[in-house]
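Below is the file model_36.cif, which contains mmCIF, C-alpha atoms and all ligand atoms.
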```cif
data_work
loop_
_atom_site.label_atom_id
_atom_site.label_comp_id
_atom_site.auth_asym_id
_atom_site.auth_seq_id
_atom_site.Cartn_x
_atom_site.Cartn_y
_atom_site.Cartn_z
CA MET G 703 -1.76 47.00 -32.68
CA ALA G 704 -0.10 48.46 -29.60
CA GLU G 705 -3.21 47.58 -27.63
CA ARG G 706 -3.03 43.95 -28.80
CA GLY G 707 0.65 43.83 -27.69
CA VAL G 708 -0.28 45.11 -24.28
CA ASN G 709 -3.09 42.58 -24.00
CA ARG G 710 -0.77 39.74 -24.93
CA ARG G 711 1.83 40.91 -22.40
CA THR G 712 -0.82 41.13 -19.70
CA PHE G 713 -2.07 37.68 -20.62
CA LEU G 714 1.43 36.16 -20.54
CA ARG G 715 2.19 37.80 -17.23
CA ALA G 716 -1.02 36.41 -15.77
CA LEU G 717 -0.07 33.00 -17.14
CA SER G 718 3.38 33.10 -15.56
CA ALA G 719 1.81 33.89 -12.18
CA ILE G 720 -0.09 30.60 -12.09
CA PRO G 721 2.82 28.42 -10.84
CA VAL G 722 3.66 31.01 -8.18
CA LEU G 723 0.04 31.07 -7.00
CA GLY G 724 0.01 27.27 -7.03
CA ALA G 725 3.13 27.10 -4.87
CA LEU G 726 1.66 29.65 -2.44
CA ALA G 727 -1.56 27.65 -2.20
CA ALA G 728 0.37 24.44 -1.59
CA PHE G 729 2.24 26.13 1.24
CA ALA G 730 -0.80 27.81 2.77
CA ALA G 731 -3.28 24.92 2.67
CA PRO G 732 -1.70 22.79 5.41
CA LEU G 733 -1.14 25.89 7.51
CA LEU G 734 -4.81 26.89 7.24
CA ARG G 735 -5.89 23.33 7.93
CA TYR G 736 -3.73 23.33 11.02
CA LEU G 737 -5.20 26.62 12.24
CA LYS G 738 -8.76 25.62 11.46
CA PRO G 739 -9.30 21.89 11.27
CA ASN G 740 -12.64 20.75 9.95
CA LEU G 741 -12.83 18.18 12.70
CA ASP G 742 -15.35 18.35 15.44
CA PRO G 743 -13.78 16.47 18.35
CA GLY G 744 -16.11 13.77 19.52
CA LEU G 745 -18.26 13.81 16.39
CA GLY G 746 -19.96 10.48 15.98
CA LEU G 747 -18.06 8.89 18.86
CA PRO G 748 -18.88 8.39 22.51
CA GLU G 749 -17.69 11.45 24.35
CA GLY G 750 -13.99 11.44 25.14
CA ARG G 751 -13.09 8.36 23.13
CA LEU G 752 -10.96 10.05 20.52
CA ARG G 753 -9.40 12.22 23.14
CA SER G 754 -8.31 9.30 25.20
CA LEU G 755 -6.92 7.49 22.16
CA ALA G 756 -4.94 10.55 21.15
CA GLU G 757 -3.74 11.38 24.63
CA MET G 758 -2.51 7.92 25.33
CA ASP G 759 -0.81 7.72 21.95
CA LEU G 760 -1.47 4.02 22.08
CA PRO G 761 -3.07 2.00 19.35
CA GLN G 762 -6.11 0.35 20.87
CA GLY G 763 -6.80 -3.17 19.80
CA GLU G 764 -9.29 -5.83 20.58
CA GLN G 765 -7.98 -8.51 22.90
CA LEU G 766 -7.70 -11.67 20.92
CA ALA G 767 -7.81 -15.25 22.22
CA LEU G 768 -5.32 -17.02 20.02
CA GLY G 769 -5.74 -20.59 21.21
CA ARG G 770 -4.63 -22.92 23.96
CA VAL G 771 -0.96 -23.06 24.91
CA GLU G 772 -0.83 -26.79 24.05
CA GLU G 773 -1.60 -25.93 20.44
CA LEU G 774 1.81 -24.29 20.32
CA ALA G 775 3.62 -26.96 22.32
CA GLU G 776 6.12 -28.05 19.66
CA PRO G 777 9.24 -25.92 19.14
CA TRP G 778 8.89 -23.86 15.94
CA SER G 779 5.17 -24.49 15.72
CA SER G 780 3.23 -21.37 14.85
CA ARG G 781 -0.18 -19.85 14.43
CA ILE G 782 -1.11 -17.00 12.17
CA PHE G 783 -3.93 -14.61 13.01
CA VAL G 784 -5.35 -11.20 12.26
CA TYR G 785 -5.48 -8.56 14.94
CA THR G 786 -7.94 -5.66 14.83
CA GLN G 787 -6.50 -2.36 15.90
CA ARG G 788 -8.24 0.97 16.36
CA TYR G 789 -6.34 4.20 16.17
CA ALA G 790 -7.09 7.89 16.06
CA GLN G 791 -6.83 9.55 12.70
CA TYR G 792 -7.25 13.16 11.74
CA THR G 793 -10.13 12.69 9.31
CA PRO G 794 -13.86 13.34 9.49
CA GLU G 795 -14.27 9.73 10.59
CA GLN G 796 -11.75 10.37 13.38
CA ALA G 797 -10.86 6.79 14.14
CA ARG G 798 -9.82 4.00 11.83
CA VAL G 799 -9.70 0.32 12.17
CA ALA G 800 -6.83 -1.65 10.74
CA THR G 801 -6.36 -5.36 10.58
CA ILE G 802 -2.84 -6.55 11.21
CA PRO G 803 -1.67 -10.00 10.21
CA GLY G 804 0.46 -11.61 12.87
CA VAL G 805 2.24 -14.81 13.75
CA ALA G 806 2.84 -16.52 17.10
CA ILE G 807 5.83 -18.86 17.27
CA ARG G 808 6.93 -21.30 19.96
CA LEU G 809 10.68 -21.17 20.44
CA PRO G 810 12.82 -23.91 21.95
CA TRP G 811 14.40 -21.37 24.30
CA LYS G 812 13.39 -18.21 26.11
CA VAL G 813 14.15 -14.75 24.79
CA SER G 814 13.46 -11.28 26.10
CA PHE G 815 12.83 -7.91 24.53
CA PRO G 816 15.36 -5.68 26.33
CA GLY G 817 15.68 -3.19 23.50
CA PHE G 818 11.99 -2.44 23.28
CA LYS G 819 10.08 0.18 25.20
CA GLN G 820 7.94 -2.31 27.01
CA GLY G 821 10.14 -4.74 28.92
CA GLU G 822 8.86 -8.29 28.92
CA GLU G 823 9.67 -11.33 30.99
CA PRO G 824 11.72 -13.89 29.08
CA THR G 825 9.34 -15.99 27.04
CA ASP G 826 9.41 -18.86 24.59
CA ILE G 827 6.28 -17.72 22.76
CA VAL G 828 6.93 -14.70 20.57
CA ILE G 829 4.21 -12.92 18.66
CA PHE G 830 5.06 -10.59 15.78
CA SER G 831 3.19 -8.38 13.37
CA ARG G 832 3.76 -9.73 9.86
CA ILE G 833 3.91 -6.26 8.36
CA CYS G 834 7.44 -5.94 7.03
CA PRO G 835 9.31 -2.97 8.54
CA HIS G 836 10.88 -2.26 5.16
CA LEU G 837 7.96 -1.22 2.94
CA GLY G 838 5.01 -2.92 4.50
CA CYS G 839 4.61 -6.19 2.61
CA ILE G 840 3.31 -9.15 4.57
CA PHE G 841 6.16 -11.51 5.35
CA ASN G 842 6.06 -15.26 6.01
CA TYR G 843 7.12 -17.42 8.86
CA VAL G 844 9.23 -20.22 7.33
CA PRO G 845 9.81 -23.09 9.78
CA ASN G 846 12.38 -24.80 7.53
CA TRP G 847 15.42 -22.55 6.99
CA ARG G 848 16.27 -24.41 3.75
CA GLU G 849 13.18 -22.91 2.18
CA VAL G 850 14.49 -19.47 3.07
CA THR G 851 17.79 -20.30 1.41
CA ALA G 852 16.08 -21.63 -1.72
CA GLY G 853 13.38 -19.04 -2.16
CA TYR G 854 14.45 -15.78 -0.55
CA GLY G 855 17.57 -14.65 -2.35
CA GLY G 856 19.95 -17.42 -1.36
CA TYR G 857 20.62 -16.30 2.21
CA VAL G 858 22.32 -19.14 4.07
CA PRO G 859 22.03 -18.77 7.83
CA PRO G 860 25.04 -19.57 9.98
CA GLU G 861 24.94 -22.81 11.95
CA GLU G 862 23.40 -21.31 15.08
CA ARG G 863 20.50 -19.77 13.12
CA ARG G 864 19.45 -22.84 11.17
CA HIS G 865 15.90 -22.90 12.43
CA GLY G 866 12.60 -21.20 11.75
CA LEU G 867 13.03 -17.73 10.23
CA MET G 868 10.73 -15.00 9.00
CA ALA G 869 11.19 -13.88 5.42
CA CYS G 870 9.68 -11.21 3.21
CA PRO G 871 9.01 -12.05 -0.45
CA CYS G 872 9.11 -8.42 -1.62
CA HIS G 873 12.75 -7.41 -1.08
CA LEU G 874 13.99 -10.51 0.74
CA SER G 875 14.46 -9.22 4.26
CA ILE G 876 15.05 -12.09 6.68
CA TYR G 877 14.41 -11.97 10.43
CA ASP G 878 15.32 -14.29 13.28
CA PRO G 879 12.39 -14.63 15.71
CA ALA G 880 14.60 -16.51 18.17
CA ASP G 881 17.53 -14.11 18.49
CA ARG G 882 18.33 -14.08 22.20
CA ASP G 883 19.22 -10.40 22.44
CA ARG G 884 16.84 -8.91 19.92
CA PRO G 885 13.99 -11.21 18.86
CA GLY G 886 13.13 -10.51 15.25
CA ARG G 887 16.67 -9.36 14.47
CA VAL G 888 17.26 -8.47 10.83
CA LEU G 889 19.66 -11.01 9.33
CA SER G 890 19.59 -9.99 5.71
CA GLY G 891 17.90 -7.53 3.36
CA PRO G 892 16.92 -3.86 3.57
CA ALA G 893 14.64 -3.88 6.63
CA PRO G 894 15.73 -1.19 9.10
CA ARG G 895 14.56 -2.91 12.30
CA PRO G 896 12.82 -6.01 13.64
CA PRO G 897 9.07 -6.31 13.11
CA TYR G 898 6.73 -4.99 15.79
CA TYR G 899 5.60 -7.45 18.42
CA PHE G 900 2.41 -8.04 20.37
CA THR G 901 2.10 -8.44 24.12
CA TYR G 902 0.03 -11.28 25.49
CA GLU G 903 -1.06 -13.02 28.66
CA ILE G 904 -1.87 -16.61 29.37
CA ARG G 905 -5.31 -16.87 30.95
CA ASP G 906 -6.54 -20.30 31.99
CA GLY G 907 -4.21 -21.89 29.50
CA VAL G 908 -5.30 -19.62 26.64
CA ILE G 909 -2.92 -17.22 24.88
CA VAL G 910 -4.64 -13.84 24.80
CA ILE G 911 -3.07 -11.05 22.76
CA THR G 912 -3.50 -7.90 24.80
CA SER G 913 -1.94 -5.13 22.75
CA ALA G 914 0.28 -4.12 19.92
CA GLU G 915 3.72 -2.73 20.62
CA PRO G 916 3.46 0.98 21.48
CA GLY G 917 4.49 3.16 18.59
CA GLY G 918 1.99 1.97 16.05
CA ILE G 919 1.83 -0.97 13.77
CA ALA G 920 -0.61 0.03 11.10
S1 LIG G 1001 8.75 -4.90 2.11
FE1 LIG G 1001 9.69 -6.59 3.05
S2 LIG G 1001 11.72 -6.47 2.39
FE2 LIG G 1001 10.80 -4.81 1.45
#
```
Would you kindly transcribe this structure into structure tokens?
Amino acid sequence: MAERGVNRRTFLRALSAIPVLGALAAFAAPLLRYLKPNLDPGLGLPEGRLRSLAEMDLPQGEQLALGRVEELAEPWSSRIFVYTQRYAQYTPEQARVATIPGVAIRLPWKVSFPGFKQGEEPTDIVIFSRICPHLGCIFNYVPNWREVTAGYGGYVPPEERRHGLMACPCHLSIYDPADRDRPGRVLSGPAPRPPYYFTYEIRDGVIVITSAEPGGIA
């Protein structure tokens, strides 16, 4: 009888140790992975490619010819597109490709991006990622502000912002692509910052997207 009691106590003690062991394992696993990653730098990639991606800390994207400038001649005209971005990732595949929906908008006035890392000349073509900075839904460009008022939570823009706006259907964040001081400024909703932008050049009359804003979009 006494032996059965001892066995039960031993069993219960062993049982109570399981959560402790689990917690220890949860703590140790990332540490061990950090000390000994299962990644072989360069595996499956041309030599040095991952290294250069990681060192530069810049998402690498394909340059994308968006169309001729005349196609965006009218104020508030727009073009949506998908941009392919490559970035380093700490997995056996090492690098991932993401596709980022974007929108280019012609503004009736020039704006600049003084608050961003990469200073740009004032421009009347702005190009944004459509990934919402709140929780990552894809937002819309809405040329008619009345549609924003009717369908995105009743936000009514003040007089000077009654023009094309960007609006997210998920939690109703609204952005102004044409804000003179901070293009993409958050006007309403929970978004913490403006959407990321793309840089571009005009080559022989063609708008070519050259890169995503440093800091990562995907
Ligand atoms: S994901 Fe766009 S507002 Fe929440």
Which residue, G:Ala767, G:Ala869, G:Ile833, G:Val828, has the smallest gap to Trp847 in chain G when you use only C-alpha atoms?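 Looking at the shortest contact to Trp847 in chain G, the residue is G:Ala869.
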As a quick test: using all atoms listed in the file, which residues lie no more than 9 Å away from ligand LIG 1001 (chain G)? Give them as a compact mmCIF listing (two decimals) with C-alpha atoms, keeping the file's coordinate frame.
```txt
# COMPACT_ATOMS: atom_id res chain seq x y z
CA ILE G 833 3.91 -6.26 8.36
CA CYS G 834 7.44 -5.94 7.03
CA PRO G 835 9.31 -2.97 8.54
CA HIS G 836 10.88 -2.26 5.16
CA LEU G 837 7.96 -1.22 2.94
CA GLY G 838 5.01 -2.92 4.50
CA CYS G 839 4.61 -6.19 2.61
CA ILE G 840 3.31 -9.15 4.57
CA PHE G 841 6.16 -11.51 5.35
CA ALA G 869 11.19 -13.88 5.42
CA CYS G 870 9.68 -11.21 3.21
CA PRO G 871 9.01 -12.05 -0.45
CA CYS G 872 9.11 -8.42 -1.62
CA HIS G 873 12.75 -7.41 -1.08
CA LEU G 874 13.99 -10.51 0.74
CA SER G 875 14.46 -9.22 4.26
CA ILE G 876 15.05 -12.09 6.68
CA GLY G 891 17.90 -7.53 3.36
CA PRO G 892 16.92 -3.86 3.57
CA ALA G 893 14.64 -3.88 6.63
```
What would the list of residues within 9 Å of (-1.4, -8.8, 9.2) (file frame) look like as JSON, numbers by chain, if all atoms listed in the file are what count? {"G": [782, 783, 784, 785, 801, 802, 803, 804, 805, 831, 832, 833, 840, 841]}
Just give me the gap between CA of Ser913 in chain G and CA of Val850 in chain G in Å, one decimal is fine. 29.4 Å
So how far away is CA of Ala800 in chain G from CA of Ser814 in chain G, in Å? 27.2 Å
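Atom pair CA of Glu823 in chain G / CA of Trp778 in chain G: separated by 19.6 Å.
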Of the candidates G:Arg715, G:His865, G:Arg788, G:Arg781, which one gets nearest to Ile909 in chain G if we count all atoms listed in the file?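 Selected residue with least distance to Ile909 in chain G: G:Arg781.
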